[in-house]
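Listing of query26.txt; format and content: compact mmCIF, C-alpha atoms.
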# COMPACT_ATOMS: atom_id res chain seq x y z
CA MET A 20 -1.25 -19.51 14.23
CA ALA A 21 -2.32 -16.21 12.63
CA TYR A 22 -1.37 -15.60 9.03
CA ILE A 23 -1.17 -12.73 6.56
CA VAL A 24 -1.99 -13.28 2.88
CA THR A 25 -0.87 -11.12 -0.04
CA VAL A 26 -2.41 -11.15 -3.51
CA ASN A 27 -0.87 -9.74 -6.68
CA ALA A 28 -3.28 -9.95 -9.62
CA GLY A 29 -1.83 -9.25 -13.07
CA SER A 30 -3.38 -9.30 -16.52
CA SER A 31 -2.54 -13.00 -17.03
CA SER A 32 -1.35 -14.22 -13.62
CA ILE A 33 -2.11 -14.22 -9.90
CA LYS A 34 0.60 -14.48 -7.26
CA LEU A 35 -0.35 -15.43 -3.72
CA ALA A 36 1.91 -15.53 -0.66
CA LEU A 37 1.40 -16.64 2.94
CA PHE A 38 3.28 -15.04 5.86
CA ASP A 39 3.30 -15.76 9.57
CA GLY A 40 2.58 -13.09 12.19
CA SER A 41 6.22 -12.00 12.16
CA ARG A 42 6.06 -11.42 8.37
CA ASN A 43 8.20 -14.43 7.52
CA LEU A 44 7.33 -15.91 4.12
CA LEU A 45 5.98 -19.44 4.53
CA HIS A 46 4.49 -20.38 1.15
CA MET A 47 4.12 -18.82 -2.27
CA ALA A 48 2.21 -19.92 -5.36
CA VAL A 49 1.30 -18.47 -8.74
CA ILE A 50 -1.06 -19.28 -11.58
CA GLU A 51 0.28 -18.08 -14.93
CA ASN A 52 -1.08 -17.83 -18.48
CA ILE A 53 -4.66 -17.33 -17.30
CA GLY A 54 -7.02 -17.38 -20.26
CA GLN A 55 -4.58 -19.39 -22.38
CA ALA A 56 -4.43 -23.09 -23.22
CA ALA A 57 -1.31 -23.66 -21.11
CA THR A 58 -2.47 -22.31 -17.73
CA VAL A 59 0.09 -23.35 -15.11
CA PHE A 60 0.10 -23.59 -11.30
CA LYS A 61 3.53 -23.08 -9.73
CA GLN A 62 4.57 -23.70 -6.16
CA GLN A 63 8.00 -23.35 -4.60
CA GLY A 64 9.93 -26.60 -4.61
CA LEU A 65 7.47 -28.52 -6.80
CA ASP A 66 7.12 -29.17 -10.53
CA ASP A 67 4.79 -26.96 -12.56
CA LYS A 68 1.24 -28.28 -12.89
CA LYS A 69 -1.05 -27.61 -15.84
CA VAL A 70 -4.55 -26.68 -14.69
CA ALA A 71 -7.84 -26.36 -16.56
CA ILE A 72 -8.87 -22.89 -15.41
CA LYS A 73 -10.70 -20.17 -17.29
CA GLY A 74 -10.62 -16.65 -15.95
CA HIS A 75 -9.19 -14.85 -12.92
CA ALA A 76 -12.12 -15.64 -10.62
CA ALA A 77 -11.66 -19.39 -11.13
CA ALA A 78 -7.88 -19.05 -10.71
CA MET A 79 -8.36 -17.14 -7.46
CA ARG A 80 -10.71 -19.82 -6.12
CA TYR A 81 -8.10 -22.48 -7.00
CA LEU A 82 -5.42 -20.56 -5.08
CA LEU A 83 -7.72 -20.05 -2.08
CA GLU A 84 -8.35 -23.81 -1.90
CA TRP A 85 -4.59 -24.35 -2.00
CA LEU A 86 -4.21 -21.74 0.73
CA ASP A 87 -6.71 -23.50 2.99
CA GLU A 88 -4.57 -26.64 2.75
CA GLN A 89 -1.47 -24.69 3.83
CA THR A 90 -3.05 -22.93 6.80
CA GLY A 91 -4.92 -25.89 8.28
CA ALA A 92 -6.49 -24.78 11.57
CA GLY A 93 -4.72 -21.43 11.48
CA THR A 94 -6.55 -18.14 10.99
CA ILE A 95 -6.04 -15.40 8.45
CA SER A 96 -5.70 -12.03 10.20
CA ALA A 97 -5.43 -9.83 7.08
CA VAL A 98 -5.26 -9.95 3.28
CA GLY A 99 -3.20 -7.42 1.35
CA HIS A 100 -3.79 -6.71 -2.34
CA ARG A 101 -1.41 -5.03 -4.75
CA VAL A 102 -3.45 -2.75 -7.04
CA VAL A 103 -1.78 -1.09 -10.01
CA HIS A 104 -3.93 2.05 -10.28
CA GLY A 105 -5.40 4.26 -7.59
CA ALA A 106 -5.36 7.50 -9.62
CA ASP A 107 -5.61 10.57 -7.38
CA ILE A 108 -8.31 8.96 -5.22
CA PHE A 109 -6.27 6.32 -3.39
CA THR A 110 -2.92 7.68 -2.20
CA GLU A 111 -2.34 5.43 0.83
CA PRO A 112 -3.14 1.86 1.92
CA THR A 113 -6.92 1.53 2.10
CA ILE A 114 -9.21 -0.92 3.93
CA VAL A 115 -11.74 -2.45 1.54
CA SER A 116 -15.41 -1.57 1.76
CA ASP A 117 -18.31 -1.62 -0.68
CA THR A 118 -17.79 2.12 -1.23
CA VAL A 119 -14.10 1.59 -2.01
CA VAL A 120 -14.98 -1.14 -4.54
CA LYS A 121 -17.45 1.18 -6.30
CA LYS A 122 -14.78 3.88 -6.57
CA LEU A 123 -12.32 1.36 -8.00
CA GLN A 124 -14.86 0.27 -10.60
CA MET A 125 -15.07 3.89 -11.75
CA LEU A 126 -11.30 3.84 -12.35
CA GLU A 127 -11.41 0.84 -14.72
CA PRO A 128 -11.15 3.02 -17.89
CA LEU A 129 -7.75 4.25 -16.62
CA ASP A 130 -6.41 0.71 -16.27
CA PRO A 131 -8.45 -1.77 -18.35
CA ASP A 132 -5.54 -4.25 -18.49
CA HIS A 133 -5.18 -4.77 -14.71
CA LEU A 134 -7.94 -3.29 -12.58
CA PRO A 135 -10.85 -5.52 -13.74
CA TYR A 136 -8.79 -8.61 -12.84
CA ALA A 137 -7.79 -7.18 -9.47
CA LEU A 138 -11.46 -6.55 -8.72
CA GLU A 139 -12.36 -10.12 -9.70
CA CYS A 140 -9.77 -11.48 -7.28
CA LEU A 141 -10.92 -9.07 -4.58
CA ARG A 142 -14.51 -10.27 -4.91
CA GLU A 143 -13.38 -13.88 -4.45
CA THR A 144 -11.21 -13.18 -1.40
CA ARG A 145 -14.00 -11.14 0.23
CA LYS A 146 -16.40 -14.05 -0.24
CA HIS A 147 -13.83 -16.53 1.09
CA PHE A 148 -12.69 -14.44 4.09
CA LYS A 149 -15.92 -12.69 5.05
CA GLU A 150 -14.77 -11.19 8.36
CA VAL A 151 -11.09 -10.64 7.55
CA PRO A 152 -9.87 -7.06 6.87
CA GLN A 153 -8.55 -6.62 3.35
CA ILE A 154 -6.11 -3.84 2.56
CA LEU A 155 -5.37 -2.37 -0.85
CA CYS A 156 -1.88 -1.04 -1.61
CA PHE A 157 -1.53 1.06 -4.76
CA ASP A 158 1.43 1.29 -7.15
CA THR A 159 0.50 4.85 -8.07
CA ALA A 160 0.38 6.10 -4.45
CA PHE A 161 4.18 6.44 -4.29
CA TYR A 162 3.93 9.31 -6.79
CA LYS A 163 1.23 11.34 -5.04
CA ASP A 164 3.66 14.27 -4.53
CA LEU A 165 5.33 14.04 -7.96
CA PRO A 166 6.34 17.57 -9.10
CA ARG A 167 3.76 19.18 -11.34
CA PRO A 168 5.96 19.37 -14.49
CA ALA A 169 6.64 15.62 -14.21
CA ARG A 170 2.93 14.96 -13.79
CA GLN A 171 1.50 16.91 -16.73
CA LEU A 172 0.93 15.86 -20.32
CA ALA A 173 1.21 18.62 -22.93
CA LEU A 174 -2.46 18.43 -23.91
CA PRO A 175 -5.31 20.93 -23.52
CA ARG A 176 -6.28 21.22 -19.85
CA LYS A 177 -9.77 19.79 -20.38
CA TYR A 178 -8.21 16.37 -20.94
CA GLU A 179 -6.38 16.46 -17.61
CA LYS A 180 -9.77 16.86 -15.94
CA MET A 181 -10.70 13.54 -17.57
CA GLY A 182 -7.72 11.88 -15.87
CA LEU A 183 -5.08 12.20 -18.60
CA LYS A 184 -1.83 12.77 -16.71
CA ARG A 185 1.34 10.91 -15.79
CA TYR A 186 0.68 8.65 -12.78
CA GLY A 187 3.79 6.49 -12.59
CA PHE A 188 3.80 2.78 -11.74
CA HIS A 189 5.84 0.12 -9.92
CA GLY A 190 5.57 2.36 -6.85
CA LEU A 191 5.41 -0.50 -4.33
CA SER A 192 8.58 -1.94 -5.81
CA TYR A 193 10.38 1.40 -5.51
CA GLN A 194 9.17 1.93 -1.95
CA TYR A 195 10.74 -1.40 -1.04
CA LEU A 196 13.96 -0.66 -2.94
CA LEU A 197 14.36 2.74 -1.29
CA LYS A 198 13.77 1.27 2.16
CA ASP A 199 16.27 -1.52 1.48
CA PHE A 200 18.79 0.99 0.11
CA ALA A 201 18.50 3.04 3.32
CA LYS A 202 18.99 -0.12 5.38
CA HIS A 203 22.25 -1.00 3.63
CA GLU A 204 23.65 2.42 2.70
CA GLY A 205 22.13 4.68 5.35
CA ALA A 206 19.39 7.30 5.44
CA VAL A 207 21.67 10.08 4.16
CA ALA A 208 22.42 8.17 0.95
CA ALA A 209 18.76 7.22 0.50
CA ARG A 210 17.74 10.87 0.78
CA GLY A 211 20.26 11.93 -1.86
CA LYS A 212 19.85 11.72 -5.63
CA VAL A 213 18.98 8.09 -6.40
CA ILE A 214 18.03 6.35 -9.64
CA MET A 215 16.37 2.96 -9.32
CA ALA A 216 15.36 0.42 -11.95
CA HIS A 217 12.56 -2.14 -11.90
CA MET A 218 13.59 -4.93 -14.27
CA GLY A 219 11.11 -7.64 -15.23
CA SER A 220 8.55 -8.16 -17.96
CA GLY A 221 7.58 -4.61 -17.12
CA VAL A 222 10.53 -2.21 -16.96
CA SER A 223 10.79 1.28 -15.51
CA LEU A 224 13.22 3.74 -13.96
CA CYS A 225 12.55 6.12 -11.10
CA ALA A 226 14.53 9.11 -9.82
CA THR A 227 14.20 10.18 -6.18
CA LYS A 228 15.54 13.12 -4.19
CA GLY A 229 14.95 13.54 -0.49
CA ALA A 230 13.50 10.01 -0.57
CA LYS A 231 10.64 11.23 -2.77
CA PRO A 232 10.13 10.57 -6.49
CA VAL A 233 10.88 13.48 -8.82
CA ASP A 234 10.29 11.60 -12.09
CA MET A 235 9.83 8.15 -13.57
CA THR A 236 9.70 6.66 -17.03
CA MET A 237 6.16 5.23 -16.97
CA GLY A 238 3.45 7.83 -17.40
CA PHE A 239 -0.26 7.49 -18.17
CA THR A 240 -0.09 3.70 -18.66
CA PRO A 241 2.43 0.92 -17.89
CA ALA A 242 3.09 0.63 -21.64
CA SER A 243 5.03 3.91 -21.62
CA GLY A 244 8.68 4.65 -20.92
CA VAL A 245 11.49 2.33 -22.00
CA PRO A 246 10.97 -0.78 -24.19
CA MET A 247 10.03 -3.88 -22.18
CA SER A 248 9.45 -7.58 -22.81
CA THR A 249 6.35 -7.07 -24.95
CA ARG A 250 5.53 -3.37 -24.37
CA SER A 251 6.73 -0.73 -26.78
CA GLY A 252 7.60 2.05 -24.37
CA ASP A 253 7.21 5.63 -25.60
CA LEU A 254 6.17 6.12 -29.23
CA ASP A 255 5.71 9.13 -31.49
CA PRO A 256 1.94 9.92 -31.36
CA GLY A 257 1.93 9.97 -35.16
CA VAL A 258 2.42 6.20 -35.19
CA VAL A 259 -1.28 5.80 -34.27
CA TRP A 260 -2.51 7.80 -37.28
CA PHE A 261 0.02 6.21 -39.67
CA LEU A 262 -1.01 2.65 -38.75
CA HIS A 263 -4.67 3.56 -39.02
CA GLN A 264 -4.15 4.95 -42.51
CA LYS A 265 -1.96 2.11 -43.75
CA THR A 266 -3.59 -0.91 -42.11
CA ASN A 267 -6.95 0.39 -40.82
CA MET A 268 -5.75 -0.52 -37.33
CA GLY A 269 -8.30 0.34 -34.65
CA PRO A 270 -7.81 1.30 -30.98
CA ARG A 271 -8.19 -2.24 -29.63
CA GLN A 272 -5.66 -3.62 -32.12
CA PHE A 273 -3.22 -0.81 -31.37
CA ASN A 274 -3.51 -1.42 -27.63
CA HIS A 275 -2.73 -5.12 -28.19
CA LEU A 276 0.22 -4.20 -30.42
CA VAL A 277 1.94 -1.89 -27.92
CA ASN A 278 1.25 -4.11 -24.89
CA LYS A 279 1.62 -7.67 -26.18
CA GLN A 280 3.57 -7.70 -29.47
CA SER A 281 6.26 -5.05 -29.13
CA GLY A 282 9.40 -4.47 -27.04
CA LEU A 283 12.00 -7.25 -27.02
CA LEU A 284 9.56 -9.65 -28.67
CA GLY A 285 8.68 -7.27 -31.48
CA ILE A 286 12.26 -6.24 -32.31
CA SER A 287 13.79 -9.72 -32.03
CA GLY A 288 10.91 -11.63 -33.60
CA ARG A 289 12.12 -14.47 -31.38
CA SER A 290 11.39 -14.01 -27.69
CA ALA A 291 10.35 -11.59 -24.94
CA ASP A 292 12.84 -13.25 -22.58
CA MET A 293 16.15 -11.43 -22.17
CA LEU A 294 18.08 -14.59 -21.27
CA THR A 295 16.94 -16.26 -24.50
CA LEU A 296 18.06 -13.22 -26.49
CA LEU A 297 21.44 -13.09 -24.74
CA ASN A 298 22.00 -16.76 -25.51
CA ASN A 299 21.27 -16.18 -29.21
CA GLN A 300 22.80 -12.75 -29.85
CA GLU A 301 25.98 -14.15 -31.45
CA THR A 302 24.05 -15.90 -34.22
CA ASP A 303 20.88 -13.82 -34.45
CA PRO A 304 21.38 -10.13 -35.40
CA ASP A 305 17.73 -9.32 -34.55
CA ALA A 306 18.21 -10.64 -31.02
CA LYS A 307 21.33 -8.47 -30.64
CA GLU A 308 19.49 -5.41 -31.95
CA ALA A 309 16.72 -5.94 -29.39
CA ILE A 310 19.31 -6.06 -26.58
CA ASP A 311 21.13 -2.99 -27.92
CA LEU A 312 17.92 -0.97 -28.19
CA PHE A 313 16.86 -1.97 -24.68
CA CYS A 314 20.21 -0.97 -23.14
CA TYR A 315 20.46 2.25 -25.17
CA GLN A 316 17.02 3.48 -24.14
CA ILE A 317 17.66 2.73 -20.47
CA ALA A 318 21.02 4.55 -20.52
CA LYS A 319 19.35 7.47 -22.31
CA GLN A 320 16.59 7.72 -19.70
CA ILE A 321 19.11 7.61 -16.85
CA GLY A 322 20.96 10.49 -18.50
Mind converting the file's structure to structure tokens?
Amino acid sequence: MAYIVTVNAGSSSIKLALFDGSRNLLHMAVIENIGQAATVFKQQGLDDKKVAIKGHAAAMRYLLEWLDEQTGAGTISAVGHRVVHGADIFTEPTIVSDTVVKKLQMLEPLDPDHLPYALECLRETRKHFKEVPQILCFDTAFYKDLPRPARQLALPRKYEKMGLKRYGFHGLSYQYLLKDFAKHEGAVAARGKVIMAHMGSGVSLCATKGAKPVDMTMGFTPASGVPMSTRSGDLDPGVVWFLHQKTNMGPRQFNHLVNKQSGLLGISGRSADMLTLLNNQETDPDAKEAIDLFCYQIAKQIG
């Protein structure tokens, strides 16, 4: 039996899936809360298991050992990796090489919250599957032909040369959605004016025309756009200076604020989980306000 493996490395989790040669999903597992006290291993159909793991490399090795148990005497024919950021360098699926890894390392300043962890996982899978081709698929590649006005930030041009522009994210998700939409509604509908939404801990909206993106809510980083579970979405730039003056907040603290403490969690003061907020909105006005803000901003962006 020949298998295909897919790896999705996030900032605090790794998802791994095993497919047969006909692309049928056979097994899926995830390690969540990496770097926290309550790191958990989850597998379909089984109870969650707390594991003593520190760091993405160790978590990836744990998942690879689990994978070996699932495949038995079977062989792995390819490993696919979801990578959040490819900038303007990687605009199509790319086979991994040492040169490719070096180029990715140069992109780490553009995506310090995801890319270092993806590279850690990639190093482990390359060591584990020495002769197996590994393919990188980039979220940003979907937006390679984004119209220039949707791509630019209104800053002096010298900053664009440093990489400051709107890249767009969740591209792999939207590629799948558009393909599925065409399958069910036909190619003509899929090539019309379509607005799609990616709803999860990260939230975004994407508009397509002629089956190509014309704009999307996320820009330079995945923290931009509409409010999310713990991400703020778009903010007035003056917020940075105000918080620095009032609280002496530095860049690292601000980055943590807008990525980990804001959004639904920040407004509600209760939870980043929408279901929890919905269940408490009748008795908790802060929970209701978080829901109202979330829905309002999404409707506004669609408009």
Given all atoms listed in the file as the counted atoms, nearest of A:Ala318, A:Val213, A:Leu312, A:Val24 to Ala36 in chain A
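Closest to Ala36 in chain A, using all atoms listed in the file: A:Val24.
Using only C-alpha atoms for every distance, the candidate list A:Ser287, A:Val70, A:Phe200, A:Arg101 yields A:Ser287 as the residue closest to Asp311 in chain A.
Contact shell of Glu150 in chain A at 12 Å (all atoms listed in the file; same-chain neighbours under 4 positions omitted): Thr94, Ile95, Ser96, Ala97, Val98, Val115, Ser116, Thr144, Arg145 and Lys146 of chain A.
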Tell me which protein, DNA and RNA residues are within 10 Å of Gly282 in chain A, counting all atoms listed in the file, leaving out same-chain ones fewer than 4 positions away, and put them as a PyMOL selection string.
chain A and resi 220+242+245-252+276-278+286-288+290-291+309+312-313
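Using only C-alpha atoms, the shortest contact distance between Gln63 in chain A and any of A:Arg142, A:His189, A:His275, A:Lys34 is found at A:Lys34.
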Any idea what the distance is between CA of Ala21 in chain A and CA of Phe38 in chain A?
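Interatomic distance, CA of Ala21 in chain A to CA of Phe38 in chain A: 8.9 Å.
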Of the candidates A:Leu283, A:Ala206, A:Ile33, A:Met47, which one gets nearest to Ala77 in chain A if we count only C-alpha atoms?
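Comparing A:Leu283, A:Ala206, A:Ile33, A:Met47 against Ala77 in chain A, the winner is A:Ile33.
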With only C-alpha atoms as the counted atoms, please give the residues lying no more than 10 Å from Thr90 in chain A, apart from itself and same-chain residues fewer than 3 positions off, as a list in words.
Met20, Ala21, Tyr22, Leu37, Asp39, Leu45, His46, Trp85, Leu86, Asp87, Gly93, Thr94 and Ile95 of chain A
For Leu197 in chain A, which residue among A:Gln316, A:Gln62, A:Thr266, A:Thr227 is the nearest when counting only C-alpha atoms?
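So, comparing all the options, the nearest one is A:Thr227.
Here CA of Met235 in chain A is placed at a distance of 26.1 Å from CA of Gln124 in chain A.
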What's around Lys231 in chain A at 10 Å? Count only C-alpha atoms, leave out sequence neighbours fewer than 5 positions away in its own chain, and write the answer as an MDAnalysis selection string.
chainID A and resid 161:166 194 197 209:213 225:226
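The smallest atom-to-atom distance between Gly229 in chain A and any of A:Ser243, A:Ile154, A:Leu284, A:Ala201, using all atoms listed in the file, is found for A:Ala201.
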Find the distance between CA of Lys228 in chain A and CA of Leu155 in chain A and write it in Å to one decimal.
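Separation between CA of Lys228 in chain A and CA of Leu155 in chain A: 26.2 Å.
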Could you name the residues that touch Ile72 in chain A at 8 Å or less, counting only C-alpha atoms, but leaving out those on the same chain fewer than 2 positions away, as number ranges by chain?
A: 53-54, 58, 70, 74, 77-78
Just C-alpha atoms for this one: save the residues we selected as a PDB file, in the frame of the given file.
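And here is the file that came out, again.pdb:
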ATOM      1  CA  ILE A  53      -4.660 -17.330 -17.300  1.00  0.00           C
ATOM      2  CA  GLY A  54      -7.020 -17.380 -20.260  1.00  0.00           C
ATOM      3  CA  THR A  58      -2.470 -22.310 -17.730  1.00  0.00           C
ATOM      4  CA  VAL A  70      -4.550 -26.680 -14.690  1.00  0.00           C
ATOM      5  CA  GLY A  74     -10.620 -16.650 -15.950  1.00  0.00           C
ATOM      6  CA  ALA A  77     -11.660 -19.390 -11.130  1.00  0.00           C
ATOM      7  CA  ALA A  78      -7.880 -19.050 -10.710  1.00  0.00           C
TER       8      ALA A  78
END
Using all atoms listed in the file - which residues lie no farther than 12 Å from the point (-13.5, 4.7, -16.2) in the file's frame? Write them as JSON, numbers by chain.
{"A": [104, 105, 106, 121, 122, 123, 124, 125, 126, 127, 128, 129, 130, 131, 134, 135, 181, 182, 183]}
